[in-house]
Amino acid sequence: MTKNTSMLLITIMSALLLTACTAPSHSSTSTGNASHSSKKVSKNHRTTTPAANSSKQHSTNAPTTGKPLTFDEGMQILRRSVYKDLLADSPQLVSNQPQKLVISTYAGAKGINYFTLTMTGTNQVQIHAKFGTLDGGKFTQLHDVNLPEYQTITRASSNKSASNTVSKSSAFQTNQVPTKFIGKWKKSDKIFTNSDGKRYEYAQLFHGRPHSITLGTTYADLTKYTVLSCKPLGNNDYVLKVEVPLSHETDTFYLHYYSKDHIGVKTSSSNGFIEYNSKAPVLNYNATEW
């Protein structure tokens with residue numbers, strides 16, 4: 001009995017020792033698994049962070065569409081191009097799309113040029129020039145012109161400080177007559193019939209060219225003023241500083257645009273605008289300076 005009891009005690013003690021030996025091993029395994037899991041989560045986090053940054057960077061670098069081209073901006077671009085000397089004779093808008101427009105100018109009695117301006121990026125405009133003639137009643141392209149067929153121009157920067165009005169206005173100052181005032185207008189005063197039965201027209205005249213304006217009346221001397229500077233005062237108002245011929249003094253003119261056939265001109269000494277309200281030819285008037 002005593003021997004059996006002793007054997008039972010030995011068996012119980014052995015079982016307790018075995019349990020004590022295996023417990024630390026299990027604890028170590030659990031710690032190792034937890035560490036591995038932590039490393040896995042940390043690795044996954046580091047992997048996803050650059051992906052988010054990459055998406056953000058792609059969004060930041062995505063190209064933006066520039067503002068639509070207008071006739072006035074198109075003329076400004078052409079004046080900065082190699083074709084600037086071909087723009088004096090009646091530039092006209094032929095077609096206009098948000099990112100492409102076509103402008104035509106005459107060249108002599110039968111010549112005509114077409115300039116297609118196309119946006120090629122956020123800040124680039126490609127000019128495609130076609131030089132030709134209307135001789136024979138249809139457009140015939142000329143290829144023996146000593147000018148390139150294509151040229152790319154960078155648009156003027158629009159990143160100006162909105163808080164600096166003076167600086168912003170100065171940036172738009174130029175020495176050219178605005179495109180909308182280039183051409184011939186009249187203010188008809190009266191029409192009379194001569195003794196030979198021919199009818200003549202008395203009218204006040206305005207002729208705008210890129211760098212000058214001519215004013216006067218029919219059958220009297222006309223005065224051509226050289227434009228020294230032009231500054232916008234709003235969407236349809238401009239102030240011109242001009243040089244007076246002979247005396248070479250400076251004077252100031254104000255221009256107002258009502259519509260395609262209706263403009264106003266005012267000097268610094270006058271109270272109101274003289275309104276030129278027709279682009280029709282003056283009846284039987286062929287002054288060379290006009």
# chains A, B, ... in the order shown; residues from 1 in each chain; ligands from 1
$ residues_around --residues "A:Ile112" --least-positions-apart "3" --cutoff "9 Å" --atoms "only C-alpha atoms" --output "list in words"
Ser104, Thr105, Tyr106, Ala107, Gly108, Ala109, Lys130, Phe131, Gly132, Thr133, Leu134 and Phe139 of chain A
$ write_last_selection --atoms "C-alpha atoms" --output "mmCIF file, in the first residue's frame"
data_model
loop_
_atom_site.group_PDB
_atom_site.id
_atom_site.type_symbol
_atom_site.label_atom_id
_atom_site.label_comp_id
_atom_site.auth_asym_id
_atom_site.auth_seq_id
_atom_site.Cartn_x
_atom_site.Cartn_y
_atom_site.Cartn_z
ATOM 1 C CA SER A 104 -8.601 86.689 -92.304
ATOM 2 C CA THR A 105 -6.843 89.804 -93.574
ATOM 3 C CA TYR A 106 -6.731 91.326 -97.031
ATOM 4 C CA ALA A 107 -3.500 91.903 -98.937
ATOM 5 C CA GLY A 108 -3.772 94.454 -101.722
ATOM 6 C CA ALA A 109 -6.606 94.446 -104.239
ATOM 7 C CA LYS A 130 -2.443 80.322 -95.570
ATOM 8 C CA PHE A 131 -1.537 83.021 -98.072
ATOM 9 C CA GLY A 132 -3.616 83.338 -101.216
ATOM 10 C CA THR A 133 -5.547 85.338 -103.760
ATOM 11 C CA LEU A 134 -9.188 85.752 -104.746
ATOM 12 C CA PHE A 139 -9.391 81.334 -103.106
#
$ select_by_dssp --residues "stretch 106-230 of chain A" --states "strand (DSSP E)" --output "PyMOL selection string"
chain A and resi 106-107+111-119+124-133+140-142+150-154+183-193+199-209+212-217+223-230
$ residues_around --residues "stretch 189-201 of chain A" --least-positions-apart "4" --cutoff "10 Å" --atoms "only C-alpha atoms" --output "CSV table (one decimal) with C-alpha atoms, in the first residue's frame"
chain,number,residue,atom,x,y,z
A,217,THR,CA,-14.6,115.8,-92.3
A,218,THR,CA,-15.2,115.3,-96.0
A,219,TYR,CA,-13.8,118.0,-98.3
A,282,VAL,CA,-19.0,107.9,-98.2
A,283,LEU,CA,-21.0,108.9,-101.2
A,284,ASN,CA,-18.7,109.9,-104.1
A,285,TYR,CA,-15.7,110.6,-101.8
$ atom_distance --atom1 "atom CA of A:Phe71" --atom2 "atom CA of A:Asn175"
18.2 Å
$ residues_around --residues "stretch 229-235 of chain A" --least-positions-apart "5" --cutoff "10 Å" --atoms "only C-alpha atoms" --output "list in words"
Ser169, Ser170, Ala171, Phe172, Gln173, Thr174, Asn175, Gln176, Val177, Pro178, His211, Leu240, Lys241, Val242, Glu243, Thr252, Phe253, Tyr254, Leu255, His256 and Tyr257 of chain A
$ residues_around --residues "A:Trp185" --least-positions-apart "2" --cutoff "9 Å" --atoms "only C-alpha atoms" --output "VMD selection string"
chain A and resid 183 187 204 to 208 261 to 263 276 to 281
